[in-house]
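Colleague: Structure file input32.csv (CSV, C-alpha atoms) right here:
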chain,number,residue,atom,x,y,z
A,1,MET,CA,-14.9,19.2,35.8
A,2,PRO,CA,-16.1,20.0,32.3
A,3,VAL,CA,-19.5,18.5,31.8
A,4,SER,CA,-18.6,17.1,28.3
A,5,SER,CA,-15.9,14.9,29.8
A,6,GLN,CA,-18.2,13.0,32.1
A,7,PRO,CA,-19.1,9.4,31.2
A,8,ARG,CA,-22.7,8.5,30.2
A,9,ILE,CA,-24.5,7.5,33.4
A,10,ILE,CA,-27.9,5.8,33.7
A,11,ILE,CA,-29.3,4.9,37.0
A,12,PHE,CA,-32.0,2.2,37.1
A,13,THR,CA,-34.3,2.6,40.1
A,14,SER,CA,-37.6,1.4,41.5
A,15,SER,CA,-40.3,3.5,43.3
A,16,SER,CA,-39.6,2.6,46.9
A,17,CYS,CA,-35.9,2.1,47.0
A,18,PRO,CA,-33.8,4.0,49.6
A,19,TRP,CA,-30.5,2.8,48.1
A,20,CYS,CA,-31.5,4.3,44.8
A,21,ASN,CA,-32.0,7.7,46.5
A,22,ARG,CA,-28.6,7.3,48.1
A,23,VAL,CA,-26.9,6.7,44.8
A,24,LYS,CA,-28.6,9.6,43.2
A,25,GLN,CA,-27.8,11.9,46.1
A,26,TYR,CA,-24.2,10.8,45.9
A,27,LEU,CA,-23.8,11.4,42.2
A,28,ARG,CA,-25.5,14.8,42.5
A,29,GLU,CA,-23.1,15.8,45.3
A,30,LYS,CA,-20.2,14.8,43.1
A,31,ARG,CA,-21.7,16.9,40.3
A,32,PHE,CA,-22.3,14.1,37.8
A,33,ARG,CA,-25.3,14.2,35.5
A,34,PHE,CA,-27.3,11.1,35.0
A,35,ARG,CA,-30.5,9.8,33.5
A,36,GLU,CA,-32.9,7.9,35.8
A,37,VAL,CA,-34.9,4.9,34.6
A,38,ASN,CA,-37.6,3.7,37.0
A,39,VAL,CA,-38.0,0.1,35.9
A,40,GLU,CA,-41.4,-0.1,37.6
A,41,ARG,CA,-42.8,2.5,35.2
A,42,ASP,CA,-40.5,1.9,32.2
A,43,ALA,CA,-41.0,-1.4,30.6
A,44,ASP,CA,-38.0,-1.0,28.2
A,45,GLY,CA,-35.8,-0.3,31.3
A,46,ALA,CA,-37.1,-3.4,33.0
A,47,ARG,CA,-36.4,-5.5,29.8
A,48,GLU,CA,-32.9,-4.0,29.6
A,49,LEU,CA,-32.1,-5.2,33.1
A,50,ARG,CA,-33.7,-8.6,32.5
A,51,ARG,CA,-31.5,-8.9,29.4
A,52,ARG,CA,-28.5,-8.4,31.6
A,53,ASN,CA,-29.8,-11.0,34.1
A,54,ILE,CA,-30.1,-8.3,36.8
A,55,LYS,CA,-32.9,-8.5,39.3
A,56,GLY,CA,-32.2,-5.7,41.7
A,57,VAL,CA,-31.8,-1.9,41.9
A,58,PRO,CA,-30.1,0.5,42.0
A,59,VAL,CA,-28.0,-0.3,39.0
A,60,VAL,CA,-25.6,2.4,37.9
A,61,LEU,CA,-24.7,2.0,34.2
A,62,ILE,CA,-21.4,3.9,33.5
A,63,ASN,CA,-20.5,3.9,29.9
A,64,ASN,CA,-22.6,0.7,29.6
A,65,LYS,CA,-20.8,-1.1,32.5
A,66,PRO,CA,-23.3,-2.0,35.2
A,67,ILE,CA,-22.6,-1.6,38.9
A,68,ILE,CA,-25.3,-3.4,41.0
A,69,GLY,CA,-26.2,-1.8,44.3
A,70,PHE,CA,-24.8,1.3,45.9
A,71,ASP,CA,-21.2,0.2,45.6
A,72,LYS,CA,-19.4,3.4,46.2
A,73,ALA,CA,-15.9,1.9,45.7
A,74,LYS,CA,-16.8,0.7,42.2
A,75,ILE,CA,-18.6,3.9,41.3
A,76,ASP,CA,-15.6,5.9,42.4
A,77,LYS,CA,-13.3,3.8,40.4
A,78,LEU,CA,-15.3,3.9,37.2
A,79,LEU,CA,-16.2,7.6,37.2
A,80,PRO,CA,-13.5,8.4,38.5
A,81,ILE,CA,-13.9,10.1,41.9
A,82,ARG,CA,-10.7,10.5,43.9
B,1,MET,CA,-5.5,6.9,80.9
B,2,GLU,CA,-3.3,4.5,79.0
B,3,ARG,CA,-6.2,4.2,76.6
B,4,LEU,CA,-5.5,7.9,75.7
B,5,ALA,CA,-1.9,7.1,75.1
B,6,ALA,CA,-2.9,4.2,73.0
B,7,ALA,CA,-4.9,6.4,70.7
B,8,ARG,CA,-2.8,7.6,67.9
B,9,ILE,CA,-1.6,11.1,68.5
B,10,THR,CA,-1.5,13.3,65.5
B,11,ALA,CA,-0.2,16.8,65.1
B,12,ARG,CA,-3.0,19.2,64.4
B,13,ARG,CA,-3.1,20.1,60.8
B,14,GLN,CA,-3.5,23.7,59.7
B,15,LYS,CA,-6.9,23.7,58.0
B,16,VAL,CA,-9.1,22.0,60.5
B,17,THR,CA,-12.6,23.0,61.3
B,18,ARG,CA,-13.3,22.9,65.0
B,19,TYR,CA,-16.6,22.1,66.7
B,20,GLU,CA,-17.6,21.5,70.3
B,21,VAL,CA,-19.4,18.2,69.4
B,22,ILE,CA,-19.1,16.0,66.4
B,23,ILE,CA,-21.7,13.4,65.9
B,24,ILE,CA,-20.9,10.5,63.6
B,25,GLY,CA,-24.0,9.0,62.0
B,26,GLY,CA,-27.4,10.6,60.9
B,27,GLY,CA,-29.9,8.0,62.1
B,28,PRO,CA,-32.3,8.6,64.9
B,29,ALA,CA,-29.6,8.4,67.6
B,30,GLY,CA,-27.3,10.9,65.8
B,31,LEU,CA,-30.1,13.3,64.8
B,32,THR,CA,-31.5,13.3,68.3
B,33,ALA,CA,-28.1,13.9,69.8
B,34,GLY,CA,-27.6,16.8,67.3
B,35,LEU,CA,-30.9,18.3,68.2
B,36,TYR,CA,-30.0,18.3,71.9
B,37,THR,CA,-26.4,19.5,71.6
B,38,SER,CA,-27.5,22.3,69.2
B,39,ARG,CA,-30.3,23.4,71.4
B,40,ALA,CA,-27.8,23.4,74.3
B,41,GLY,CA,-25.9,26.0,72.3
B,42,LEU,CA,-22.9,23.7,71.4
B,43,ARG,CA,-21.5,24.1,68.0
B,44,SER,CA,-22.3,20.8,66.5
B,45,LEU,CA,-21.4,18.9,63.3
B,46,LEU,CA,-23.2,15.8,62.2
B,47,ILE,CA,-21.4,13.6,59.7
B,48,GLU,CA,-23.5,11.2,57.7
B,49,ARG,CA,-22.1,9.1,54.9
B,50,GLY,CA,-25.3,8.2,53.1
B,51,MET,CA,-28.8,9.4,53.8
B,52,PHE,CA,-30.2,11.0,56.9
B,53,GLY,CA,-32.5,8.6,58.8
B,54,GLY,CA,-30.1,5.6,58.7
B,55,GLN,CA,-31.5,2.1,58.7
B,56,MET,CA,-34.9,3.7,59.5
B,57,ALA,CA,-34.9,5.0,55.9
B,58,ASN,CA,-35.3,1.4,54.7
B,59,ALA,CA,-38.5,0.9,56.6
B,60,THR,CA,-41.7,1.1,54.5
B,61,LEU,CA,-43.8,1.7,57.6
B,62,VAL,CA,-42.7,2.2,61.2
B,63,GLU,CA,-45.5,1.2,63.5
B,64,ASN,CA,-43.8,1.2,66.9
B,65,TYR,CA,-42.5,4.7,67.2
B,66,PRO,CA,-44.7,6.5,69.7
B,67,GLY,CA,-46.8,9.5,68.5
B,68,PHE,CA,-47.8,8.0,65.1
B,69,PRO,CA,-50.8,5.8,65.8
B,70,GLU,CA,-51.2,5.0,62.1
B,71,GLY,CA,-47.5,4.4,61.6
B,72,ILE,CA,-45.1,6.6,59.6
B,73,ALA,CA,-42.9,5.9,56.6
B,74,GLY,CA,-39.3,5.4,57.7
B,75,PRO,CA,-37.8,8.0,55.3
B,76,GLU,CA,-40.4,10.5,56.3
B,77,LEU,CA,-39.6,10.1,60.0
B,78,GLY,CA,-35.9,10.6,59.1
B,79,LEU,CA,-36.7,13.7,57.2
B,80,LEU,CA,-38.7,15.2,60.1
B,81,MET,CA,-36.0,14.4,62.6
B,82,HIS,CA,-33.4,16.0,60.3
B,83,GLN,CA,-35.5,19.1,59.8
B,84,GLN,CA,-36.0,19.5,63.5
B,85,ALA,CA,-32.3,19.2,64.3
B,86,VAL,CA,-31.1,21.5,61.6
B,87,ARG,CA,-33.7,24.1,62.7
B,88,TYR,CA,-31.7,24.5,65.9
B,89,GLY,CA,-28.4,25.1,64.2
B,90,LEU,CA,-27.0,21.6,63.7
B,91,GLU,CA,-24.4,21.7,60.9
B,92,GLU,CA,-24.0,18.7,58.7
B,93,ILE,CA,-21.8,17.2,56.1
B,94,THR,CA,-22.3,14.1,53.9
B,95,THR,CA,-19.1,12.1,53.8
B,96,GLU,CA,-17.5,9.0,55.3
B,97,VAL,CA,-15.5,9.1,58.5
B,98,THR,CA,-12.1,7.4,57.9
B,99,GLY,CA,-10.4,7.9,61.3
B,100,LEU,CA,-10.8,9.1,64.8
B,101,THR,CA,-7.7,10.3,66.6
B,102,LEU,CA,-6.7,12.2,69.7
B,103,THR,CA,-5.1,15.5,68.8
B,104,GLN,CA,-3.1,17.9,70.9
B,105,GLY,CA,-5.0,19.8,73.6
B,106,GLN,CA,-7.5,17.0,74.5
B,107,LEU,CA,-9.4,17.4,71.3
B,108,TYR,CA,-10.5,14.6,69.0
B,109,GLY,CA,-9.7,14.6,65.4
B,110,VAL,CA,-12.2,13.2,62.9
B,111,SER,CA,-10.8,12.6,59.4
B,112,THR,CA,-13.1,12.3,56.4
B,113,ALA,CA,-12.9,12.3,52.7
B,114,GLU,CA,-14.0,16.0,52.8
B,115,GLY,CA,-11.3,17.2,55.3
B,116,ASP,CA,-10.5,17.0,58.9
B,117,PHE,CA,-12.5,18.2,61.9
B,118,GLU,CA,-11.9,18.5,65.6
B,119,ALA,CA,-14.1,18.5,68.6
B,120,ALA,CA,-14.0,18.3,72.4
B,121,ALA,CA,-16.6,15.6,72.4
B,122,ILE,CA,-17.6,12.9,70.0
B,123,ILE,CA,-20.9,11.1,69.8
B,124,ILE,CA,-20.7,7.9,67.7
B,125,ALA,CA,-24.1,6.9,66.3
B,126,ALA,CA,-22.9,5.2,63.2
B,127,GLY,CA,-25.4,2.4,63.6
B,128,SER,CA,-25.3,-0.9,61.9
B,129,GLU,CA,-25.8,-2.4,58.5
B,130,TYR,CA,-27.2,-5.6,57.1
B,131,ARG,CA,-25.3,-8.7,57.7
B,132,LYS,CA,-24.6,-10.9,54.7
B,133,LEU,CA,-25.3,-14.6,54.7
B,134,GLY,CA,-21.7,-15.5,54.2
B,135,VAL,CA,-22.3,-18.5,51.9
B,136,SER,CA,-20.8,-19.6,48.6
B,137,GLY,CA,-22.4,-17.8,45.6
B,138,GLU,CA,-23.7,-14.8,47.6
B,139,GLU,CA,-21.4,-12.3,45.8
B,140,THR,CA,-22.0,-13.8,42.4
B,141,PHE,CA,-25.8,-13.7,42.6
B,142,SER,CA,-26.0,-10.4,44.4
B,143,GLY,CA,-28.5,-8.4,42.3
B,144,ARG,CA,-29.0,-11.5,40.2
B,145,GLY,CA,-31.5,-13.1,42.6
B,146,ILE,CA,-30.0,-12.2,45.9
B,147,SER,CA,-31.3,-9.0,47.5
B,148,TYR,CA,-31.0,-7.2,50.8
B,149,CYS,CA,-33.9,-4.8,50.2
B,150,ALA,CA,-37.4,-6.1,49.7
B,151,THR,CA,-38.9,-2.7,49.1
B,152,CYS,CA,-36.3,-2.0,46.4
B,153,ASP,CA,-36.4,-5.3,44.5
B,154,GLY,CA,-39.7,-7.0,45.3
B,155,PHE,CA,-41.0,-5.7,42.0
B,156,PHE,CA,-38.6,-8.0,40.0
B,157,PHE,CA,-40.3,-11.1,41.3
B,158,ARG,CA,-43.9,-10.6,40.2
B,159,ASP,CA,-45.7,-14.0,40.2
B,160,GLN,CA,-42.4,-15.8,41.0
B,161,GLU,CA,-41.3,-17.8,44.0
B,162,VAL,CA,-39.0,-16.2,46.5
B,163,ALA,CA,-37.5,-17.0,49.9
B,164,VAL,CA,-36.6,-14.8,52.9
B,165,VAL,CA,-33.8,-15.9,55.3
B,166,GLY,CA,-34.3,-14.8,58.9
B,167,GLY,CA,-36.8,-14.7,61.6
B,168,GLY,CA,-36.8,-11.2,63.0
B,169,ASP,CA,-39.0,-8.2,62.4
B,170,THR,CA,-37.1,-7.3,59.2
B,171,ALA,CA,-37.4,-10.8,57.8
B,172,ILE,CA,-41.2,-11.0,58.4
B,173,THR,CA,-41.8,-7.5,57.2
B,174,ASP,CA,-39.9,-8.3,54.1
B,175,ALA,CA,-41.9,-11.6,53.6
B,176,LEU,CA,-45.2,-9.7,53.9
B,177,GLU,CA,-44.0,-7.0,51.5
B,178,LEU,CA,-42.9,-9.6,49.0
B,179,SER,CA,-46.2,-11.4,49.2
B,180,ARG,CA,-47.6,-8.4,47.3
B,181,HIS,CA,-45.6,-9.3,44.3
B,182,ALA,CA,-44.5,-13.0,44.5
B,183,SER,CA,-46.7,-16.0,44.1
B,184,LYS,CA,-45.1,-17.8,47.0
B,185,VAL,CA,-42.8,-16.7,49.8
B,186,TYR,CA,-40.8,-19.2,51.8
B,187,VAL,CA,-39.4,-18.0,55.2
B,188,ILE,CA,-36.3,-20.0,56.1
B,189,HIS,CA,-35.3,-19.7,59.7
B,190,ARG,CA,-32.6,-21.5,61.7
B,191,ARG,CA,-34.8,-21.8,64.8
B,192,ASP,CA,-38.2,-23.3,65.4
B,193,GLN,CA,-39.8,-20.0,66.2
B,194,LEU,CA,-39.6,-16.4,65.1
B,195,ARG,CA,-38.0,-13.6,66.9
B,196,ALA,CA,-40.3,-11.1,65.2
B,197,GLY,CA,-43.0,-9.3,67.2
B,198,LYS,CA,-46.3,-11.0,68.0
B,199,ALA,CA,-48.4,-8.8,65.7
B,200,LEU,CA,-46.1,-9.5,62.7
B,201,GLN,CA,-46.1,-13.2,63.5
B,202,GLU,CA,-49.8,-13.3,63.5
B,203,GLN,CA,-50.0,-11.6,60.2
B,204,ALA,CA,-47.4,-13.9,58.7
B,205,PHE,CA,-48.9,-17.2,60.0
B,206,ALA,CA,-52.3,-16.2,58.6
B,207,HIS,CA,-50.9,-15.3,55.2
B,208,PRO,CA,-51.8,-17.8,52.5
B,209,LYS,CA,-48.7,-17.1,50.4
B,210,LEU,CA,-46.2,-17.6,53.2
B,211,GLU,CA,-44.6,-21.0,54.0
B,212,PHE,CA,-42.2,-21.5,56.9
B,213,ILE,CA,-39.2,-23.8,56.7
B,214,TRP,CA,-38.0,-24.2,60.3
B,215,ASP,CA,-34.6,-25.2,61.9
B,216,THR,CA,-33.0,-24.6,58.5
B,217,VAL,CA,-30.0,-22.7,57.1
B,218,VAL,CA,-28.9,-21.9,53.6
B,219,ASP,CA,-25.6,-23.6,52.8
B,220,GLU,CA,-25.1,-22.7,49.1
B,221,LEU,CA,-26.6,-20.7,46.3
B,222,LEU,CA,-26.7,-22.3,42.9
B,223,GLY,CA,-27.6,-21.1,39.4
B,224,ASN,CA,-26.5,-20.4,35.9
B,225,LYS,CA,-26.2,-16.6,35.5
B,226,VAL,CA,-29.0,-16.0,38.0
B,227,LEU,CA,-29.9,-17.6,41.3
B,228,GLU,CA,-32.0,-20.7,40.7
B,229,GLU,CA,-31.7,-23.0,43.7
B,230,LEU,CA,-30.9,-23.0,47.4
B,231,LYS,CA,-29.1,-25.8,49.1
B,232,LEU,CA,-30.6,-26.1,52.6
B,233,ARG,CA,-29.7,-28.0,55.7
B,234,ASN,CA,-31.9,-28.8,58.7
B,235,VAL,CA,-29.8,-28.0,61.7
B,236,LYS,CA,-31.5,-30.5,63.9
B,237,THR,CA,-31.5,-33.5,61.7
B,238,GLY,CA,-28.6,-32.6,59.4
B,239,GLN,CA,-30.7,-33.5,56.4
B,240,GLN,CA,-29.9,-31.6,53.2
B,241,SER,CA,-32.4,-30.5,50.6
B,242,THR,CA,-32.8,-28.1,47.7
B,243,LEU,CA,-35.4,-25.4,47.1
B,244,LYS,CA,-36.0,-23.8,43.7
B,245,VAL,CA,-36.6,-20.1,44.0
B,246,ASP,CA,-36.2,-17.1,41.7
B,247,GLY,CA,-35.1,-14.8,44.5
B,248,LEU,CA,-33.6,-14.8,48.0
B,249,PHE,CA,-34.0,-11.9,50.4
B,250,VAL,CA,-31.4,-11.9,53.2
B,251,ALA,CA,-32.6,-10.5,56.5
B,252,VAL,CA,-30.3,-12.2,59.0
B,253,GLY,CA,-29.6,-9.3,61.3
B,254,LEU,CA,-27.3,-6.4,61.5
B,255,MET,CA,-23.6,-5.7,62.3
B,256,PRO,CA,-22.2,-2.6,63.8
B,257,ASN,CA,-20.4,0.0,61.7
B,258,SER,CA,-17.6,0.1,64.3
B,259,HIS,CA,-14.5,-1.1,62.3
B,260,ILE,CA,-12.8,2.3,62.4
B,261,PHE,CA,-13.0,2.5,66.2
B,262,PHE,CA,-11.7,-1.0,67.1
B,263,ASP,CA,-8.2,0.2,67.8
B,264,ILE,CA,-9.2,3.0,70.1
B,265,LEU,CA,-12.4,2.0,71.9
B,266,ASP,CA,-13.4,-1.1,73.9
B,267,LEU,CA,-15.8,-3.2,71.7
B,268,ASP,CA,-17.5,-6.5,72.6
B,269,ASP,CA,-16.8,-9.7,70.6
B,270,ALA,CA,-19.5,-8.8,68.1
B,271,GLY,CA,-18.0,-5.4,67.5
B,272,TYR,CA,-20.5,-3.3,69.4
B,273,ILE,CA,-19.1,-0.4,71.4
B,274,ILE,CA,-19.2,-0.9,75.2
B,275,THR,CA,-20.7,2.0,77.1
B,276,ASP,CA,-22.0,2.7,80.6
B,277,GLU,CA,-25.6,3.9,81.2
B,278,MET,CA,-24.5,7.5,80.5
B,279,MET,CA,-23.3,6.3,77.0
B,280,ALA,CA,-19.7,6.9,77.9
B,281,THR,CA,-17.2,4.7,76.1
B,282,SER,CA,-13.7,3.7,77.2
B,283,LEU,CA,-12.3,7.1,76.2
B,284,PRO,CA,-13.3,10.3,78.0
B,285,GLY,CA,-15.3,12.6,75.8
B,286,ILE,CA,-16.4,9.9,73.4
B,287,PHE,CA,-19.9,8.7,73.7
B,288,ALA,CA,-21.9,6.1,71.7
B,289,ALA,CA,-25.6,5.9,71.0
B,290,GLY,CA,-28.1,3.7,69.2
B,291,ASP,CA,-27.5,0.5,67.4
B,292,ILE,CA,-23.8,0.6,67.5
B,293,ARG,CA,-23.8,0.3,71.3
B,294,ARG,CA,-23.7,-3.0,73.1
B,295,ASN,CA,-27.0,-4.2,74.3
B,296,SER,CA,-29.0,-1.8,72.2
B,297,PRO,CA,-32.5,-3.1,71.6
B,298,ARG,CA,-32.0,-1.7,68.1
B,299,GLN,CA,-35.3,0.2,68.0
B,300,ILE,CA,-35.8,3.8,66.8
B,301,ALA,CA,-37.3,4.9,70.1
B,302,ALA,CA,-34.3,3.4,72.0
B,303,ALA,CA,-31.9,5.1,69.6
B,304,VAL,CA,-33.6,8.4,70.2
B,305,GLY,CA,-33.3,7.9,74.0
B,306,ASP,CA,-29.6,7.0,73.7
B,307,GLY,CA,-29.1,10.2,71.6
B,308,VAL,CA,-30.5,12.3,74.4
B,309,THR,CA,-28.4,10.7,77.0
B,310,ALA,CA,-25.2,10.9,74.9
B,311,ALA,CA,-25.9,14.6,74.2
B,312,MET,CA,-26.4,15.4,77.8
B,313,SER,CA,-23.3,13.5,78.8
B,314,GLY,CA,-21.4,15.3,76.1
B,315,PHE,CA,-22.6,18.7,77.3
B,316,LYS,CA,-21.7,17.8,80.9
B,317,TYR,CA,-18.2,16.7,79.8
B,318,ILE,CA,-17.6,19.9,77.9
B,319,GLN,CA,-18.7,22.0,80.8
B,320,GLU,CA,-16.4,20.1,83.1
B,321,GLN,CA,-13.5,20.4,80.7
B,322,GLY,CA,-14.2,24.1,80.2
B,323,ASN,CA,-11.5,24.2,77.7
B,324,GLY,CA,-12.6,27.2,75.7
B,325,ILE,CA,-13.6,25.4,72.5
B,326,ARG,CA,-16.1,28.2,71.9
B,327,THR,CA,-13.3,30.2,70.2
B,328,ALA,CA,-14.1,28.3,67.0
B,329,ASN,CA,-11.9,29.1,64.0
B,330,PRO,CA,-13.6,32.1,62.3
B,331,GLN,CA,-12.2,31.0,58.9
B,332,ALA,CA,-13.8,27.7,59.4
B,333,ASP,CA,-15.6,26.6,56.3
B,334,GLY,CA,-18.6,24.4,57.3
B,335,LYS,CA,-18.8,22.7,53.8
B,336,SER,CA,-22.3,21.4,53.7
If you convert what's in this file into structure tokens, what do you get?
Modeller:
Amino acid sequence: MPVSSQPRIIIFTSSSCPWCNRVKQYLREKRFRFREVNVERDADGARELRRRNIKGVPVVLINNKPIIGFDKAKIDKLLPIR
Amino acid sequence: MERLAAARITARRQKVTRYEVIIIGGGPAGLTAGLYTSRAGLRSLLIERGMFGGQMANATLVENYPGFPEGIAGPELGLLMHQQAVRYGLEEITTEVTGLTLTQGQLYGVSTAEGDFEAAAIIIAAGSEYRKLGVSGEETFSGRGISYCATCDGFFFRDQEVAVVGGGDTAITDALELSRHASKVYVIHRRDQLRAGKALQEQAFAHPKLEFIWDTVVDELLGNKVLEELKLRNVKTGQQSTLKVDGLFVAVGLMPNSHIFFDILDLDDAGYIITDEMMATSLPGIFAAGDIRRNSPRQIAAAVGDGVTAAMSGFKYIQEQGNGIRTANPQADGKS
């Protein structure tokens, strides 16, 4: 897949979050590039989630659409992964 | 043998990678089984859908696995077990198993999103996952106040009031973890005593931030955009009440990841795979180990023991079969 065609992906994480690692590992395997925002260290990131009424990680933001948790089915649908 | 006939028979497809043993699940049971089958010289593939370590990877500190007197972080223990198994030649692939079938020639076929595999023996160590509460509002507020992972999300509730539902080791560990962030942690449990280990109980009862709500279940979750309030019911008196909280952490036990096996293996009413003491299931050549097995104590050390037994049973089964699986397809692409 050409890199330019991939959607913009941001993953919000916290420092001790096994599910965040799973999401990152999954997207790496599927060869998607993403930006990680650790909300424990990044106050802007934490504010961004609060603004969206989200109180949990991981959150995968795909073209500004949030998927809360490691919801593989939703991620596959939005990316799309076959 | 009618169980064999009952299993779906599929024609062998052309591009199938063949192993002697396929292990489904990369938690402590699967990794140990893989260590033993690899060391026994069996060509072994381990299929894991998420992260090696399984449920153990969610544990901040494992204090009851022998050999680590100071405790060890769950993810680290998973990593070490994984390293050890791979060192002896265990092959691995990260993908989800979608089906298990009997193919021609007494082999089992394992279908995954990444292709099909075959093996003479299968060890199912797919474990369990968190059970949901199953009440109204749970889906809506998931990630908006409802959480299933205290280590992941505790941070969001700094100086706020939260509740944990459950009374087992996980619930109490979560409550103690949350007390580092939250100003108050309620523990809501449907019984009048905890199932959690004595050491954890003592810590919990002595903790100034923890408050216990006994004999109580959560009936409904209420809020506008985010979770704000719990509707509670005392199971002994039937009395209803509400509790204002900013977050609710669900730790009400586990359920087995056995749904893809229900039509070919004997499961108990709760969905756990029925095995004998050699980890044999209702089909010859298929073994089960760890949390997914009926009557498993669901402990890492027990899963490790099951993994050993299942691997040895698998080895014995293959020797008895002697069906020349060793002529593995040379074009096989291990895809790791």
Colleague: Neighbouring residues of Leu61 of chain A were defined as those with any atom within 12 Å, considering only C-alpha atoms; residues of the same chain fewer than 5 positions away were excluded. Please report them as a PyMOL selection string.
Modeller: chain A and resi 7-13+23+34-37+45+48-49+52+54+66-70+74-75+78-79
Colleague: Which chain A residues are at most 9 Å from chain B (counting all atoms listed in the file), as number ranges by chain?
Modeller: A: 13-23, 25-26, 29, 39-40, 46, 50, 53-59, 68-69
Colleague: Mind giving me the straight-line distance from atom CA of Leu222 of chain B to atom CA of Gly137 of chain B in Å, one decimal?
Modeller: 6.8 Å
Colleague: Measure the distance from atom CA of Ile188 of chain B to atom CA of Glu129 of chain B in Å and round it to one decimal.
Modeller: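 The value is 20.6 Å.
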Colleague: What gap, in Å, lies between atom CA of Met255 of chain B and atom CA of Gly127 of chain B?
Modeller: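 Value for the atom CA of Met255 of chain B-atom CA of Gly127 of chain B distance: 8.4 Å.
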Colleague: Compare A:Asn63, A:Lys30, A:Asp44, A:Lys24 by their minimum atom-to-atom distance to Asp76 of chain A, counting only C-alpha atoms, and give me the closest one.
Modeller: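 Closest to Asp76 of chain A, using only C-alpha atoms: A:Lys30.
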Colleague: Residues within 12 Å of Val62 of chain B, please, as a ChimeraX atom specification. Count only C-alpha atoms; anything in the same chain fewer than 4 positions from it doesn't count.
Modeller: /B:55-58,66-78,169-170,173,299-301
Colleague: Compile the contact shell of segment 233-240 of chain B as a ChimeraX atom specification: residues with an atom at most 6 Å away, counting all atoms listed in the file, same-chain residues fewer than 2 positions apart removed.
Modeller: /B:215-217
Colleague: Point out the residue among B:His259, B:Arg195, B:Lys209, B:Arg293 with the least atom-to-atom distance to Val97 of chain B, counting only C-alpha atoms.
Modeller: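 The shortest atom-to-atom distance to Val97 of chain B comes from B:His259.
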Colleague: Contacts of Leu107 of chain B at 10 Å or less, counting all atoms listed in the file, minus same-chain residues fewer than 5 places along, as JSON, numbers by chain?
Modeller: {"B": [12, 18, 19, 20, 101, 102, 117, 118, 119, 120, 121, 122, 285, 323, 325]}
Colleague: Kindly extract all protein, DNA and RNA residues lying within 12 Å of the coordinates (-32.0, 2.7, 74.6) given in the file, considering all atoms listed in the file, and supply them as a PyMOL selection string.
Modeller: chain B and resi 28-29+275-279+288-310
Colleague: Any chance you could turn segment 99-110 of chain B into a file with N, CA and C atoms, as a PDB file, in the first residue's frame?
Modeller:
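Generated output (decode06.pdb):
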ATOM      1  N   GLY B  99     -10.990 -21.133  12.635  1.00  0.00           N
ATOM      2  CA  GLY B  99     -11.664 -22.429  12.592  1.00  0.00           C
ATOM      3  C   GLY B  99     -10.700 -23.572  12.819  1.00  0.00           C
ATOM      4  N   LEU B 100     -11.257 -24.658  13.329  1.00  0.00           N
ATOM      5  CA  LEU B 100     -10.471 -25.877  13.551  1.00  0.00           C
ATOM      6  C   LEU B 100     -11.259 -27.011  12.919  1.00  0.00           C
ATOM      7  N   THR B 101     -10.609 -27.735  12.000  1.00  0.00           N
ATOM      8  CA  THR B 101     -11.331 -28.777  11.267  1.00  0.00           C
ATOM      9  C   THR B 101     -10.477 -30.023  11.167  1.00  0.00           C
ATOM     10  N   LEU B 102     -11.113 -31.135  10.912  1.00  0.00           N
ATOM     11  CA  LEU B 102     -10.386 -32.370  10.650  1.00  0.00           C
ATOM     12  C   LEU B 102     -10.171 -32.471   9.152  1.00  0.00           C
ATOM     13  N   THR B 103      -8.908 -32.611   8.749  1.00  0.00           N
ATOM     14  CA  THR B 103      -8.641 -32.727   7.318  1.00  0.00           C
ATOM     15  C   THR B 103      -8.384 -34.195   6.996  1.00  0.00           C
ATOM     16  N   GLN B 104      -8.102 -34.477   5.734  1.00  0.00           N
ATOM     17  CA  GLN B 104      -7.815 -35.861   5.354  1.00  0.00           C
ATOM     18  C   GLN B 104      -6.538 -36.328   6.031  1.00  0.00           C
ATOM     19  N   GLY B 105      -6.459 -37.588   6.290  1.00  0.00           N
ATOM     20  CA  GLY B 105      -5.226 -38.172   6.797  1.00  0.00           C
ATOM     21  C   GLY B 105      -5.000 -37.879   8.260  1.00  0.00           C
ATOM     22  N   GLN B 106      -6.052 -37.763   9.020  1.00  0.00           N
ATOM     23  CA  GLN B 106      -5.948 -37.608  10.475  1.00  0.00           C
ATOM     24  C   GLN B 106      -5.180 -36.367  10.902  1.00  0.00           C
ATOM     25  N   LEU B 107      -5.198 -35.365  10.060  1.00  0.00           N
ATOM     26  CA  LEU B 107      -4.563 -34.113  10.470  1.00  0.00           C
ATOM     27  C   LEU B 107      -5.658 -33.111  10.808  1.00  0.00           C
ATOM     28  N   TYR B 108      -5.301 -32.154  11.646  1.00  0.00           N
ATOM     29  CA  TYR B 108      -6.241 -31.095  11.934  1.00  0.00           C
ATOM     30  C   TYR B 108      -5.858 -29.851  11.156  1.00  0.00           C
ATOM     31  N   GLY B 109      -6.848 -29.169  10.652  1.00  0.00           N
ATOM     32  CA  GLY B 109      -6.610 -27.930   9.933  1.00  0.00           C
ATOM     33  C   GLY B 109      -6.962 -26.744  10.821  1.00  0.00           C
ATOM     34  N   VAL B 110      -6.080 -25.774  10.812  1.00  0.00           N
ATOM     35  CA  VAL B 110      -6.333 -24.563  11.592  1.00  0.00           C
ATOM     36  C   VAL B 110      -6.407 -23.404  10.606  1.00  0.00           C
TER      37      VAL B 110
END
